[in-house]
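Okay, so here's the structure we're looking at.
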Amino acid sequence: MVVLAAISDADVDEQILSEAVALADAFDDELHVVHVQSYDSLSDKKQAATTKQTVKQQTEAVAAAAAAGVERPTVPVGLIGQPAAEILEYVDDTDARYTVIGGQKRSPVGKALFGSTTQQVLLGADRPVVTVMGRDIE
């Protein structure tokens with residue numbers, strides 16, 4: 001089976017990887033490090049000059065860089081699309097045992113305005129999700 005570490009190129013990624021490594025070691029599972037990039041997050045100018053393959057390579061490079069310090073084999077994965085949907089689809093495709101994802105504490109207004117990939121993954125997952133919490137956001 002697979003333990004999936006969903007990273008976002010943020011401060012909490014190191015904690016996500018640490019927890020995912022512990023789970024993968026405990027169950028002797030593969031560790032997949034996944035980073036998702038959406039076209040919406042690219043500027044219009046950069047979007048016009050960027051191909052789908054280039055974005056996929058960039059996201060896979062982010063995943064590989066995050067996993068560089070991990071002392072066990074990892075599979076870096078770059079995905080393109082809406083992060084929560086892509087993560088949930090990858091979990092199903094790989095039959096992942098656990099998903100480890102980061103979260104940030106937000107006020108109720110912050111959740112309503114900005115949504116939450118973590119919240120969407122938690123609500124959409126049909127298997128265990130481990131959430132590593134980051135700093136508070138107002």
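Ligands are numbered from 1 in the order shown, residues from 1 within each chain, and chains are lettered A, B, ... in the order they appear in the structure tokens.
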
Open item on the list: For the alpha helix (DSSP H) assignment from backbone DSSP, which residues of range 2-137 of chain A qualify? Please present them as a ChimeraX atom specification.
Closed with: /A:13-27,44-49,52-67,83-94,108-114,117-124

Shell around Thr74 in chain A at 8 Å using only C-alpha atoms, local window under 2 positions removed, as a PDB file with C-alpha atoms, in the first residue's frame:
ATOM      1  CA  GLU A  30       5.626   3.046  -0.143  1.00  0.00           C
ATOM      2  CA  LEU A  31       5.870   6.782   0.473  1.00  0.00           C
ATOM      3  CA  HIS A  32       4.511   9.070  -2.232  1.00  0.00           C
ATOM      4  CA  VAL A  33       5.194  12.798  -1.925  1.00  0.00           C
ATOM      5  CA  ALA A  67      11.615  14.484  -0.183  1.00  0.00           C
ATOM      6  CA  VAL A  70      14.028  11.604   3.590  1.00  0.00           C
ATOM      7  CA  ARG A  72      13.816   6.024   2.541  1.00  0.00           C
ATOM      8  CA  PRO A  76       7.720  12.257  -6.086  1.00  0.00           C
TER       9      PRO A  76
END

Open item on the list: As an exercise, work out the distance from CA of Leu123 in chain A to CA of Thr59 in chain A in Å and give it to one decimal place.
Closed with: 24.6 Å

Open item on the list: Using only C-alpha atoms for the distances, tell me which of A:Ser38, A:Ser18, A:Gln104, A:Thr99 is nearest to Ala5 in chain A.
Closed with: A:Thr99

- [ ] Write out as a ChimeraX atom specification each polymer residue whose atoms come within 10 Å of Val36 in chain A, counting only C-alpha atoms; drop sequence neighbours fewer than 6 positions from it.
- [x] /A:6-9,55-56,58-60,62-63,77-87

Residues just named, written with N, CA and C atoms as a PDB file, in the first residue's frame:
ATOM      1  N   ALA A   6       0.904  14.893   1.220  1.00  0.00           N
ATOM      2  CA  ALA A   6       0.468  15.982   0.351  1.00  0.00           C
ATOM      3  C   ALA A   6       1.139  17.268   0.818  1.00  0.00           C
ATOM      4  N   ILE A   7       2.094  17.741   0.040  1.00  0.00           N
ATOM      5  CA  ILE A   7       2.836  18.935   0.438  1.00  0.00           C
ATOM      6  C   ILE A   7       2.410  20.127  -0.390  1.00  0.00           C
ATOM      7  N   SER A   8       2.710  21.320   0.135  1.00  0.00           N
ATOM      8  CA  SER A   8       2.277  22.529  -0.561  1.00  0.00           C
ATOM      9  C   SER A   8       3.378  23.563  -0.660  1.00  0.00           C
ATOM     10  N   ASP A   9       4.625  23.151  -0.484  1.00  0.00           N
ATOM     11  CA  ASP A   9       5.746  24.091  -0.529  1.00  0.00           C
ATOM     12  C   ASP A   9       5.603  25.139   0.573  1.00  0.00           C
ATOM     13  N   VAL A  55       4.461  22.535 -16.205  1.00  0.00           N
ATOM     14  CA  VAL A  55       3.903  22.667 -14.854  1.00  0.00           C
ATOM     15  C   VAL A  55       4.014  21.341 -14.118  1.00  0.00           C
ATOM     16  N   LYS A  56       3.729  20.239 -14.796  1.00  0.00           N
ATOM     17  CA  LYS A  56       3.849  18.917 -14.170  1.00  0.00           C
ATOM     18  C   LYS A  56       5.286  18.658 -13.734  1.00  0.00           C
ATOM     19  N   GLN A  58       7.511  20.935 -12.973  1.00  0.00           N
ATOM     20  CA  GLN A  58       7.799  21.833 -11.858  1.00  0.00           C
ATOM     21  C   GLN A  58       7.207  21.293 -10.558  1.00  0.00           C
ATOM     22  N   THR A  59       5.990  20.784 -10.613  1.00  0.00           N
ATOM     23  CA  THR A  59       5.372  20.266  -9.393  1.00  0.00           C
ATOM     24  C   THR A  59       6.074  19.002  -8.918  1.00  0.00           C
ATOM     25  N   GLU A  60       6.492  18.172  -9.844  1.00  0.00           N
ATOM     26  CA  GLU A  60       7.239  16.972  -9.470  1.00  0.00           C
ATOM     27  C   GLU A  60       8.595  17.348  -8.867  1.00  0.00           C
ATOM     28  N   VAL A  62       9.211  20.054  -7.127  1.00  0.00           N
ATOM     29  CA  VAL A  62       8.925  20.519  -5.766  1.00  0.00           C
ATOM     30  C   VAL A  62       8.779  19.323  -4.832  1.00  0.00           C
ATOM     31  N   ALA A  63       8.054  18.302  -5.284  1.00  0.00           N
ATOM     32  CA  ALA A  63       7.875  17.091  -4.476  1.00  0.00           C
ATOM     33  C   ALA A  63       9.209  16.392  -4.241  1.00  0.00           C
ATOM     34  N   VAL A  77       5.565  13.007  -6.884  1.00  0.00           N
ATOM     35  CA  VAL A  77       4.445  13.075  -7.826  1.00  0.00           C
ATOM     36  C   VAL A  77       4.025  14.528  -8.000  1.00  0.00           C
ATOM     37  N   GLY A  78       3.947  14.968  -9.237  1.00  0.00           N
ATOM     38  CA  GLY A  78       3.452  16.298  -9.559  1.00  0.00           C
ATOM     39  C   GLY A  78       2.115  16.183 -10.253  1.00  0.00           C
ATOM     40  N   LEU A  79       1.136  16.919  -9.748  1.00  0.00           N
ATOM     41  CA  LEU A  79      -0.202  16.891 -10.333  1.00  0.00           C
ATOM     42  C   LEU A  79      -0.649  18.311 -10.673  1.00  0.00           C
ATOM     43  N   ILE A  80      -1.582  18.419 -11.597  1.00  0.00           N
ATOM     44  CA  ILE A  80      -2.110  19.712 -12.012  1.00  0.00           C
ATOM     45  C   ILE A  80      -3.621  19.682 -11.843  1.00  0.00           C
ATOM     46  N   GLY A  81      -4.170  20.723 -11.235  1.00  0.00           N
ATOM     47  CA  GLY A  81      -5.613  20.828 -11.100  1.00  0.00           C
ATOM     48  C   GLY A  81      -6.018  21.397  -9.766  1.00  0.00           C
ATOM     49  N   GLN A  82      -7.258  21.155  -9.380  1.00  0.00           N
ATOM     50  CA  GLN A  82      -7.776  21.625  -8.100  1.00  0.00           C
ATOM     51  C   GLN A  82      -7.183  20.717  -7.021  1.00  0.00           C
ATOM     52  N   PRO A  83      -6.414  21.277  -6.060  1.00  0.00           N
ATOM     53  CA  PRO A  83      -5.648  20.443  -5.132  1.00  0.00           C
ATOM     54  C   PRO A  83      -6.444  19.352  -4.413  1.00  0.00           C
ATOM     55  N   ALA A  84      -7.544  19.676  -3.788  1.00  0.00           N
ATOM     56  CA  ALA A  84      -8.288  18.654  -3.028  1.00  0.00           C
ATOM     57  C   ALA A  84      -8.767  17.533  -3.947  1.00  0.00           C
ATOM     58  N   ALA A  85      -9.312  17.888  -5.087  1.00  0.00           N
ATOM     59  CA  ALA A  85      -9.820  16.873  -6.020  1.00  0.00           C
ATOM     60  C   ALA A  85      -8.686  15.993  -6.532  1.00  0.00           C
ATOM     61  N   GLU A  86      -7.555  16.594  -6.858  1.00  0.00           N
ATOM     62  CA  GLU A  86      -6.419  15.821  -7.366  1.00  0.00           C
ATOM     63  C   GLU A  86      -5.863  14.884  -6.298  1.00  0.00           C
ATOM     64  N   ILE A  87      -5.783  15.372  -5.064  1.00  0.00           N
ATOM     65  CA  ILE A  87      -5.290  14.532  -3.965  1.00  0.00           C
ATOM     66  C   ILE A  87      -6.227  13.355  -3.745  1.00  0.00           C
TER      67      ILE A  87
END

TODO: Go through A:Gln53, A:Gln15, A:Thr94, A:Gln37 one by one, measure the shortest atom-to-atom distance of each to Met1 in chain A using only C-alpha atoms, and give the residue with the smallest value.
DONE: A:Thr94

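For the choices A:Ala65, A:Val91, A:Val3, A:Ile101, the atom-to-atom distance to Asp28 in chain A is smallest for A:Val3 when using only C-alpha atoms.
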
Open item on the list: Could you check the closest approach to Pro128 in chain A for each of A:Asp13, A:Leu4, A:Ala68, A:Gln57 and tell me which residue wins, using only C-alpha atoms?
Closed with: A:Leu4

Open item on the list: DSSP on the backbone, strand (DSSP E) only: what residues of range 3-97 of chain A does that give? Format it as a list in words.
Closed with: Val3, Leu4, Ala5, Ala6, Ile7, Glu30, Leu31, His32, Val33, Val34, His35, Val36, Gln37, Thr74, Val75, Pro76, Val77, Gly78, Leu79, Ile80, Ala96 and Arg97 of chain A

Task: Separation of CA of Asp92 in chain A from CA of Val121 in chain A, in Å and rounded to one decimal - done: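 Between these atoms lies a distance of 12.1 Å.
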